[in-house]
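What follows is the content of final23.cif (mmCIF, C-alpha atoms).
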```
data_start
#
loop_
_atom_site.label_atom_id
_atom_site.label_comp_id
_atom_site.auth_asym_id
_atom_site.auth_seq_id
_atom_site.Cartn_x
_atom_site.Cartn_y
_atom_site.Cartn_z
CA MET A 701 31.39 -22.10 23.62
CA GLY A 702 31.18 -25.71 22.55
CA LYS A 703 32.87 -28.28 24.69
CA LEU A 704 32.51 -30.98 22.05
CA ASN A 705 32.85 -30.76 18.29
CA ASN A 706 31.28 -32.92 15.59
CA GLN A 707 34.41 -35.05 15.16
CA GLN A 708 34.40 -36.14 18.79
CA VAL A 709 30.71 -37.10 18.56
CA ILE A 710 31.34 -39.02 15.31
CA GLN A 711 34.17 -40.92 17.02
CA SER A 712 31.99 -41.93 19.97
CA ILE A 713 29.03 -43.10 17.92
CA THR A 714 31.04 -44.98 15.30
CA ALA A 715 32.95 -46.70 18.11
CA ALA A 716 29.66 -47.75 19.70
CA PHE A 717 27.58 -48.59 16.61
CA GLY A 718 29.93 -48.91 13.63
CA GLY A 719 27.99 -50.57 10.84
CA LYS A 720 24.56 -49.88 12.36
CA ILE A 721 24.61 -46.24 11.29
CA SER A 722 25.34 -44.57 7.97
CA VAL A 723 28.44 -42.48 7.40
CA PRO A 724 27.74 -39.18 9.20
CA THR A 725 27.61 -36.01 7.12
CA GLU A 726 27.64 -32.38 8.22
CA PRO A 727 25.32 -30.31 6.01
CA TYR A 728 25.47 -26.67 7.23
CA GLY A 729 27.57 -27.91 10.14
CA LEU A 730 24.78 -30.06 11.58
CA LEU A 731 25.92 -33.59 12.26
CA THR A 732 23.51 -35.93 10.44
CA PHE A 733 23.33 -39.67 10.05
CA GLU A 734 20.85 -42.43 9.28
CA THR A 735 20.05 -45.58 11.16
CA SER A 736 17.37 -48.25 11.00
CA ALA A 737 14.15 -48.78 12.95
CA GLU A 738 15.76 -51.73 14.80
CA ASN A 739 18.61 -49.59 16.12
CA ILE A 740 17.04 -46.21 16.68
CA SER A 741 16.06 -46.82 20.34
CA GLU A 742 19.55 -48.03 21.16
CA VAL A 743 21.18 -45.09 19.38
CA LEU A 744 18.98 -42.55 21.15
CA ARG A 745 19.54 -44.20 24.51
CA PHE A 746 23.29 -44.20 23.98
CA LEU A 747 23.36 -40.53 22.97
CA LYS A 748 21.20 -39.55 25.93
CA GLU A 749 22.84 -41.64 28.61
CA ASP A 750 26.50 -41.51 27.58
CA LYS A 751 28.47 -39.78 30.35
CA VAL A 752 30.38 -37.54 27.93
CA LEU A 753 27.91 -36.85 25.13
CA ARG A 754 24.80 -36.21 27.29
CA PHE A 755 22.31 -35.46 24.50
CA ASN A 756 19.61 -34.90 27.08
CA TYR A 757 17.23 -32.66 25.16
CA LEU A 758 14.87 -33.85 22.43
CA THR A 759 14.32 -30.83 20.18
CA ASP A 760 11.94 -32.36 17.66
CA ILE A 761 10.57 -35.47 16.04
CA THR A 762 9.07 -35.08 12.62
CA GLY A 763 8.32 -37.10 9.51
CA ILE A 764 8.88 -36.89 5.79
CA HIS A 765 7.48 -38.66 2.73
CA TYR A 766 9.47 -39.34 -0.44
CA PRO A 767 7.09 -41.44 -2.60
CA GLU A 768 9.80 -42.11 -5.19
CA GLN A 769 12.04 -43.83 -2.65
CA GLU A 770 11.74 -47.50 -1.88
CA ARG A 771 11.64 -46.80 1.84
CA SER A 772 9.42 -43.81 1.41
CA PHE A 773 8.66 -42.69 4.95
CA GLY A 774 11.19 -41.08 7.22
CA VAL A 775 11.26 -40.10 10.87
CA ILE A 776 13.74 -37.41 11.83
CA TYR A 777 15.01 -36.82 15.35
CA HIS A 778 16.76 -33.64 16.40
CA ILE A 779 18.54 -33.96 19.71
CA HIS A 780 20.58 -31.44 21.58
CA SER A 781 23.27 -31.72 24.22
CA LEU A 782 22.64 -28.70 26.40
CA SER A 783 25.81 -29.11 28.43
CA ASN A 784 28.03 -29.60 25.37
CA ASN A 785 26.21 -27.10 23.13
CA ILE A 786 25.97 -29.47 20.18
CA ARG A 787 23.14 -30.92 18.10
CA VAL A 788 22.63 -34.12 16.12
CA ARG A 789 20.07 -35.05 13.49
CA ILE A 790 19.12 -38.71 13.06
CA LYS A 791 17.02 -40.03 10.18
CA VAL A 792 15.23 -43.36 10.03
CA PHE A 793 13.66 -44.49 6.76
CA LEU A 794 10.82 -47.00 6.90
CA ASP A 795 9.11 -49.53 4.68
CA GLY A 796 5.53 -49.93 3.64
CA ASP A 797 2.22 -48.14 3.85
CA THR A 798 1.87 -48.46 7.63
CA PRO A 799 5.44 -47.87 8.76
CA HIS A 800 6.39 -48.79 12.32
CA VAL A 801 9.13 -47.35 14.51
CA PRO A 802 9.72 -47.76 18.25
CA SER A 803 8.49 -44.90 20.42
CA ALA A 804 10.95 -42.56 22.10
CA THR A 805 8.56 -41.88 24.97
CA THR A 806 10.51 -44.29 27.16
CA LEU A 807 13.47 -41.90 26.94
CA TRP A 808 11.76 -38.51 26.78
CA GLU A 809 8.23 -37.76 27.97
CA GLY A 810 8.29 -34.84 25.55
CA ALA A 811 8.29 -37.27 22.63
CA ASN A 812 4.63 -38.03 23.34
CA TRP A 813 3.03 -35.13 21.48
CA MET A 814 5.74 -35.01 18.79
CA GLU A 815 5.02 -38.63 17.90
CA ARG A 816 1.28 -38.05 17.96
CA GLU A 817 1.77 -35.18 15.51
CA THR A 818 3.95 -37.31 13.23
CA TYR A 819 1.33 -40.05 13.33
CA ASP A 820 -1.43 -37.52 12.66
CA PHE A 821 0.20 -36.16 9.50
CA PHE A 822 2.13 -39.13 8.10
CA GLY A 823 0.47 -42.21 9.60
CA ILE A 824 3.71 -43.49 11.09
CA ILE A 825 2.99 -45.92 13.95
CA PHE A 826 5.15 -45.49 17.03
CA ASP A 827 5.22 -48.86 18.80
CA GLY A 828 4.97 -48.52 22.57
CA HIS A 829 3.43 -45.05 22.53
CA PRO A 830 0.95 -44.70 25.44
CA ASN A 831 -1.78 -42.92 23.44
CA LEU A 832 -1.17 -42.74 19.71
CA ALA A 833 -4.20 -40.65 18.72
CA ARG A 834 -4.58 -37.67 16.40
CA ILE A 835 -3.50 -34.45 18.05
CA LEU A 836 -4.06 -31.55 15.62
CA ASN A 837 -6.51 -32.65 12.97
CA VAL A 838 -10.16 -33.52 13.53
CA ASP A 839 -10.63 -37.01 14.97
CA GLU A 840 -12.89 -38.01 12.07
CA MET A 841 -10.17 -37.44 9.48
CA GLU A 842 -9.48 -40.63 7.53
CA VAL A 843 -6.35 -39.62 5.66
CA PHE A 844 -2.86 -38.56 6.66
CA PRO A 845 -2.72 -35.14 5.03
CA MET A 846 1.03 -34.64 4.69
CA ARG A 847 1.41 -37.78 2.58
CA ARG A 848 2.18 -36.76 -0.97
CA GLU A 849 -0.78 -38.59 -2.51
CA HIS A 850 -3.18 -36.42 -0.52
CA PRO A 851 -4.32 -33.36 -2.52
CA LEU A 852 -3.29 -30.09 -0.92
CA GLU A 853 -6.42 -28.22 -1.95
CA ASP A 854 -9.85 -28.90 -0.53
CA PRO A 855 -12.12 -30.60 -3.10
CA ASN A 856 -15.17 -28.72 -1.72
CA ARG A 857 -13.77 -25.41 -2.87
CA VAL A 858 -16.01 -23.99 -5.62
CA ASP A 859 -14.93 -20.39 -6.15
CA LYS A 860 -11.67 -21.31 -7.89
CA LYS A 861 -13.30 -23.35 -10.67
CA ASP A 862 -12.02 -22.51 -14.15
CA TYR A 863 -15.35 -21.31 -15.52
CA PHE A 864 -15.37 -18.36 -13.11
CA PHE A 865 -12.25 -17.13 -14.90
CA GLY A 866 -13.29 -17.83 -18.50
CA ARG A 867 -11.01 -20.84 -18.78
CA MET B 973 -31.78 22.36 19.38
CA SER B 974 -31.28 18.66 19.90
CA GLU B 975 -28.91 16.85 17.56
CA VAL B 976 -30.47 13.48 18.24
CA ASN B 977 -31.97 11.98 15.10
CA LEU B 978 -34.87 9.60 15.33
CA VAL B 979 -35.47 6.94 12.72
CA GLU B 980 -38.19 7.74 10.27
CA ALA B 981 -41.56 6.21 10.89
CA PRO B 982 -42.46 3.32 8.61
CA PRO B 983 -45.09 3.94 5.93
CA GLY B 984 -48.58 4.02 7.42
CA ILE B 985 -51.73 6.01 7.87
CA GLU B 986 -51.48 9.07 10.00
CA GLY B 987 -54.26 11.23 11.40
CA SER B 988 -54.75 13.50 14.35
CA GLY B 989 -53.86 11.47 17.43
CA PHE B 990 -53.22 8.15 15.74
CA PHE B 991 -50.76 6.39 13.48
CA ALA B 992 -51.49 3.00 11.95
CA THR B 993 -49.04 0.67 10.29
CA SER B 994 -48.44 -3.05 10.13
CA MET B 995 -46.93 -5.09 12.94
CA ASP B 996 -44.17 -6.41 10.68
CA LYS B 997 -42.84 -2.94 10.06
CA VAL B 998 -42.86 -1.87 13.70
CA VAL B 999 -41.19 -5.04 14.89
CA GLY B 1000 -38.67 -4.90 12.04
CA LEU B 1001 -37.86 -1.29 12.84
CA ALA B 1002 -37.32 -2.04 16.50
CA ARG B 1003 -35.25 -5.15 15.87
CA SER B 1004 -33.04 -3.61 13.22
CA HIS B 1005 -31.94 -0.84 15.56
CA SER B 1006 -31.26 -3.13 18.46
CA LEU B 1007 -29.30 -6.03 17.01
CA TRP B 1008 -27.15 -7.67 19.63
CA PRO B 1009 -24.14 -9.11 17.86
CA LEU B 1010 -22.14 -12.10 19.02
CA PRO B 1011 -18.58 -11.56 17.76
CA PHE B 1012 -17.05 -14.91 16.83
CA ALA B 1013 -13.59 -13.61 16.05
CA THR B 1014 -10.80 -16.06 15.25
CA SER B 1015 -8.16 -14.01 13.43
CA CYS B 1016 -7.26 -10.74 11.69
CA CYS B 1017 -10.85 -9.87 10.70
CA GLY B 1018 -11.51 -9.92 14.44
CA ILE B 1019 -8.87 -7.20 14.87
CA GLU B 1020 -10.70 -5.10 12.29
CA PHE B 1021 -13.89 -5.71 14.22
CA MET B 1022 -12.22 -4.43 17.38
CA ALA B 1023 -11.50 -1.21 15.50
CA THR B 1024 -15.12 -1.19 14.32
CA MET B 1025 -16.33 -1.51 17.90
CA GLY B 1026 -13.95 1.16 19.17
CA SER B 1027 -14.74 4.84 19.60
CA HIS B 1028 -13.49 5.94 16.17
CA TYR B 1029 -15.91 3.86 14.11
CA ASP B 1030 -18.37 3.46 16.99
CA PHE B 1031 -20.34 0.39 16.04
CA ALA B 1032 -22.70 1.12 18.92
CA ARG B 1033 -24.40 3.97 17.07
CA PHE B 1034 -26.26 1.38 14.98
CA GLY B 1035 -27.94 -0.09 18.02
CA SER B 1036 -25.26 -2.67 18.75
CA GLU B 1037 -24.27 -1.11 22.03
CA ARG B 1038 -24.19 -4.49 23.64
CA PRO B 1039 -22.05 -7.19 22.03
CA SER B 1040 -23.49 -10.36 23.45
CA PHE B 1041 -20.91 -12.89 24.49
CA SER B 1042 -23.60 -15.42 25.22
CA PRO B 1043 -25.35 -16.90 22.19
CA ARG B 1044 -28.62 -17.12 24.15
CA GLN B 1045 -29.19 -13.38 24.04
CA ALA B 1046 -27.65 -12.67 20.64
CA ASP B 1047 -29.50 -11.84 17.44
CA LEU B 1048 -26.60 -11.65 15.03
CA LEU B 1049 -23.68 -14.05 14.76
CA MET B 1050 -20.66 -12.26 13.30
CA VAL B 1051 -18.11 -14.80 12.12
CA MET B 1052 -14.79 -13.09 11.57
CA GLY B 1053 -11.76 -15.09 10.61
CA THR B 1054 -10.56 -18.47 9.46
CA ILE B 1055 -12.71 -21.34 10.67
CA ALA B 1056 -10.66 -24.51 10.87
CA LYS B 1057 -12.53 -27.77 10.37
CA LYS B 1058 -11.91 -28.51 14.02
CA MET B 1059 -13.70 -25.27 14.93
CA GLY B 1060 -16.71 -26.17 12.75
CA PRO B 1061 -18.70 -28.09 15.39
CA VAL B 1062 -18.06 -25.27 17.91
CA LEU B 1063 -19.42 -22.67 15.51
CA LYS B 1064 -22.44 -24.79 14.73
CA GLN B 1065 -23.11 -25.30 18.44
CA VAL B 1066 -23.00 -21.54 18.99
CA TYR B 1067 -25.44 -21.04 16.12
CA LEU B 1068 -27.80 -23.70 17.50
CA GLN B 1069 -27.79 -22.04 20.92
CA MET B 1070 -29.00 -18.76 19.47
CA ALA B 1071 -32.73 -18.15 19.65
CA GLU B 1072 -34.80 -17.33 16.56
CA PRO B 1073 -34.87 -14.92 14.88
CA ARG B 1074 -31.13 -15.06 14.24
CA TRP B 1075 -28.92 -13.70 11.51
CA VAL B 1076 -25.40 -14.55 10.42
CA ILE B 1077 -22.78 -12.37 8.79
CA ALA B 1078 -19.58 -13.84 7.36
CA VAL B 1079 -16.87 -11.20 7.58
CA GLY B 1080 -13.83 -11.55 5.35
CA ALA B 1081 -12.59 -13.95 2.72
CA CYS B 1082 -11.87 -16.83 5.12
CA ALA B 1083 -15.30 -16.98 6.71
CA SER B 1084 -16.94 -16.53 3.30
CA SER B 1085 -14.94 -19.00 1.20
CA GLY B 1086 -11.87 -20.23 3.02
CA GLY B 1087 -9.82 -17.37 1.56
CA ILE B 1088 -6.18 -18.14 0.90
CA PHE B 1089 -6.41 -21.23 3.09
CA ASP B 1090 -7.42 -23.72 0.43
CA THR B 1091 -6.22 -26.71 2.41
CA TYR B 1092 -7.30 -29.86 4.22
CA SER B 1093 -7.61 -28.27 7.65
CA VAL B 1094 -9.73 -25.19 6.88
CA MET B 1095 -13.45 -24.99 6.26
CA GLN B 1096 -14.11 -23.59 2.80
CA GLY B 1097 -16.65 -21.01 3.93
CA ILE B 1098 -18.92 -21.21 6.96
CA ASP B 1099 -21.95 -21.72 4.69
CA GLU B 1100 -20.88 -25.36 4.62
CA ILE B 1101 -22.30 -25.70 8.14
CA ILE B 1102 -24.62 -22.78 8.88
CA PRO B 1103 -26.78 -20.51 6.69
CA VAL B 1104 -25.31 -17.06 6.06
CA ASP B 1105 -27.28 -13.86 5.40
CA VAL B 1106 -24.57 -11.39 4.39
CA TYR B 1107 -20.99 -11.86 3.19
CA VAL B 1108 -18.45 -9.08 3.63
CA PRO B 1109 -15.54 -9.34 1.17
CA GLY B 1110 -12.01 -8.30 2.04
CA CYS B 1111 -8.85 -9.71 3.52
CA PRO B 1112 -9.42 -8.28 6.02
CA PRO B 1113 -12.29 -5.89 5.26
CA ARG B 1114 -11.96 -2.33 6.54
CA PRO B 1115 -14.27 -1.28 9.38
CA GLU B 1116 -16.36 0.66 6.82
CA ALA B 1117 -16.99 -2.60 4.99
CA ILE B 1118 -18.02 -4.38 8.19
CA ILE B 1119 -20.40 -1.50 8.98
CA ASP B 1120 -21.79 -1.70 5.44
CA GLY B 1121 -22.38 -5.42 5.89
CA PHE B 1122 -24.09 -4.71 9.17
CA ASN B 1123 -26.32 -2.11 7.50
CA LYS B 1124 -27.28 -4.74 4.92
CA ILE B 1125 -28.30 -7.02 7.80
CA GLN B 1126 -30.36 -4.16 9.24
CA GLU B 1127 -32.17 -3.84 5.91
CA LEU B 1128 -32.90 -7.59 5.93
CA VAL B 1129 -34.20 -7.39 9.49
CA LYS B 1130 -36.34 -4.36 8.72
CA ASN B 1131 -38.00 -6.02 5.76
CA GLU B 1132 -38.36 -9.54 7.07
CA SER B 1133 -41.87 -10.88 7.32
CA LEU B 1134 -42.89 -11.97 10.80
CA ARG B 1135 -43.84 -15.36 9.43
CA ARG B 1136 -40.65 -15.98 7.48
CA ARG B 1137 -39.20 -18.24 10.17
CA ASP B 1138 -42.31 -20.46 10.02
CA SER B 1139 -42.26 -20.76 6.25
CA PRO B 1140 -41.56 -24.10 4.57
CA GLU B 1141 -38.70 -22.50 2.59
CA TYR B 1142 -36.94 -21.50 5.80
CA LYS B 1143 -37.50 -24.93 7.35
CA GLU B 1144 -36.12 -26.54 4.22
CA LEU B 1145 -33.07 -24.29 4.42
CA LEU B 1146 -32.37 -25.38 8.00
CA GLN B 1147 -33.08 -28.99 7.05
CA ARG B 1148 -30.34 -28.76 4.42
CA TYR B 1149 -27.88 -27.94 7.21
CA GLY B 1150 -29.25 -30.72 9.39
CA ILE B 1151 -30.81 -28.26 11.84
CA GLN B 1152 -34.32 -29.01 13.12
#
```
Write out the structure in this file as structure tokens.
Amino acid sequence: MGKLNNQQVIQSITAAFGGKISVPTEPYGLLTFETSAENISEVLRFLKEDKVLRFNYLTDITGIHYPEQERSFGVIYHIHSLSNNIRVRIKVFLDGDTPHVPSATTLWEGANWMERETYDFFGIIFDGHPNLARILNVDEMEVFPMRREHPLEDPNRVDKKDYFFGR
Amino acid sequence: MSEVNLVEAPPGIEGSGFFATSMDKVVGLARSHSLWPLPFATSCCGIEFMATMGSHYDFARFGSERPSFSPRQADLLMVMGTIAKKMGPVLKQVYLQMAEPRWVIAVGACASSGGIFDTYSVMQGIDEIIPVDVYVPGCPPRPEAIIDGFNKIQELVKNESLRRRDSPEYKELLQRYGIQ
């Protein structure tokens, strides 16, 4: 029982932001658009605090790495309007080897651990985060393991060497 | 007629009213039938161990009536399951808290080699951080396999020289793991 549909959300956000966001698409019915690191805080605040939209629930923040892209790191926000029964996905693509994006902890306390996880695995720096430390991996880890240049398999593994299999 | 079986006496010299054997053999015999295991169970191999401990497989009949959940009183560390790198220091701490003589059994593919988890977050076998006496293969091993591994440990305990833990080879082994 949705009270809002994607078209109404698209109308509100294009009226408010226009050229600051990409043209929204709806893969599998999920409203998706891109914006930039400069605008993401404003976009999230608008979606959360707008009297009609009321996207009050932050479902997830995660990262992605496309090494072949110029802006290779992405941060993806999933937010949910509980009262309107509708979801939105927002992507932000970032430059450089130590990408920066403003923290969403000022809007949602729940963003704290999500951003720590994204930092832990992708090395994305969330500016303004109260405690941006590793959350899942060992503290001594020096790499960001979900980056594509990091080998998936552990180099210490010996029992899968070719000579055990006559290769 | 009693159905209780006693273990056989170790080889020695027997006469009327006396029996003589070496201290090693007596101590080994006693220890091997009273190993107190510390189950360090982190995943599915731990579930198999629960079956092993239960009445059907009855682990207690080998002298392991008392699983020791404190490392201070344990003789045998049974590591069952995937050990993440973050768990490594915990496992090592548990091993360090055990008193000598102590034995370690790695149950299952994960504890032995990392198993299917060939990835950045999982330790590729617990022998990276602590010395292991017996490895039990399987994913997960059946209770019979765990019991077989335990029997192998019993054989080691039975035949271990009393001075093994003072030997330079043993000290060198611990040194390799950074244990004093």
Taking only C-alpha atoms into account, find every residue of chain B that has an atom no more than 7 Å from chain A, and write it out as JSON, numbers by chain.
{"B": [1057, 1058, 1090, 1091, 1092, 1093, 1096]}
Residues in the PyMOL selection byres ((chain A and resi 828) around 10), expressed as a JSON list (two decimals) with C-alpha atoms, in the coordinates of the input:
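File produced: part08.json:
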```json
[["chain", "number", "residue", "atom", "x", "y", "z"],
["A", 801, "VAL", "CA", 9.13, -47.35, 14.51],
["A", 802, "PRO", "CA", 9.72, -47.76, 18.25],
["A", 803, "SER", "CA", 8.49, -44.90, 20.42],
["A", 804, "ALA", "CA", 10.95, -42.56, 22.10],
["A", 805, "THR", "CA", 8.56, -41.88, 24.97],
["A", 806, "THR", "CA", 10.51, -44.29, 27.16],
["A", 825, "ILE", "CA", 2.99, -45.92, 13.95],
["A", 826, "PHE", "CA", 5.15, -45.49, 17.03],
["A", 827, "ASP", "CA", 5.22, -48.86, 18.80],
["A", 829, "HIS", "CA", 3.43, -45.05, 22.53],
["A", 830, "PRO", "CA", 0.95, -44.70, 25.44],
["A", 831, "ASN", "CA", -1.78, -42.92, 23.44],
["A", 832, "LEU", "CA", -1.17, -42.74, 19.71]]
```
Please identify all polymer residues within 10 Å of segment 758-767 of chain A, counting all atoms listed in the file, omitting same-chain residues fewer than 6 positions from it, and present them as a VMD selection string.
chain A and resid 744 748 773 to 781 787 to 794 804 807 to 819 821 to 824 846 to 849
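The space between atom CA of Asp1030 of chain B and atom CA of Leu1007 of chain B spans 14.5 Å.
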Give me, as an NGL selection string, all polymer residues having an atom no more than 9 Å from segment 731-735 of chain A, counting only C-alpha atoms and skipping those fewer than 2 positions away in the same chain.
:A and (706 or 709-710 or 720-729 or 737-740 or 743 or 786-793)
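Between atom CA of Arg1033 of chain B and atom CA of Cys1017 of chain B lies a distance of 20.4 Å.
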Who sits within 10 Å of Ala992 of chain B, all atoms listed in the file, same chain under 6 positions skipped, as a PyMOL selection string
chain B and resi 982-986
Using all atoms listed in the file, the residue out of B:Phe1021, B:Trp1075, B:Tyr1067, B:Phe1041 with shortest distance to Gln1126 of chain B is B:Trp1075
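Atom CA of Asp1047 of chain B lies 7.5 Å from atom CA of Leu1010 of chain B.
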Keeping C-alpha atoms (and nothing else), can you write segment 1109-1137 of chain B of this structure as a CSV table (one decimal), in the first residue's frame?
```
chain,number,residue,atom,x,y,z
B,1109,PRO,CA,40.4,-34.2,8.1
B,1110,GLY,CA,36.8,-33.7,7.0
B,1111,CYS,CA,34.4,-30.9,6.4
B,1112,PRO,CA,33.1,-31.5,9.0
B,1113,PRO,CA,34.6,-34.8,10.2
B,1114,ARG,CA,32.1,-37.4,11.5
B,1115,PRO,CA,32.2,-38.1,15.2
B,1116,GLU,CA,34.1,-41.3,14.5
B,1117,ALA,CA,36.9,-39.3,12.9
B,1118,ILE,CA,37.1,-37.0,15.9
B,1119,ILE,CA,37.3,-40.0,18.2
B,1120,ASP,CA,40.0,-41.5,15.9
B,1121,GLY,CA,41.9,-38.3,16.2
B,1122,PHE,CA,41.5,-38.3,19.9
B,1123,ASN,CA,42.8,-41.9,20.0
B,1124,LYS,CA,45.9,-40.8,18.1
B,1125,ILE,CA,46.4,-38.1,20.7
B,1126,GLN,CA,46.1,-40.8,23.4
B,1127,GLU,CA,48.8,-42.8,21.6
B,1128,LEU,CA,51.1,-39.8,21.6
B,1129,VAL,CA,50.5,-39.1,25.3
B,1130,LYS,CA,51.1,-42.8,26.2
B,1131,ASN,CA,54.4,-42.9,24.4
B,1132,GLU,CA,55.7,-39.4,25.2
B,1133,SER,CA,59.0,-39.3,27.2
B,1134,LEU,CA,58.7,-37.5,30.5
B,1135,ARG,CA,61.6,-35.3,29.4
B,1136,ARG,CA,60.3,-34.4,26.0
B,1137,ARG,CA,59.0,-31.0,27.2
```
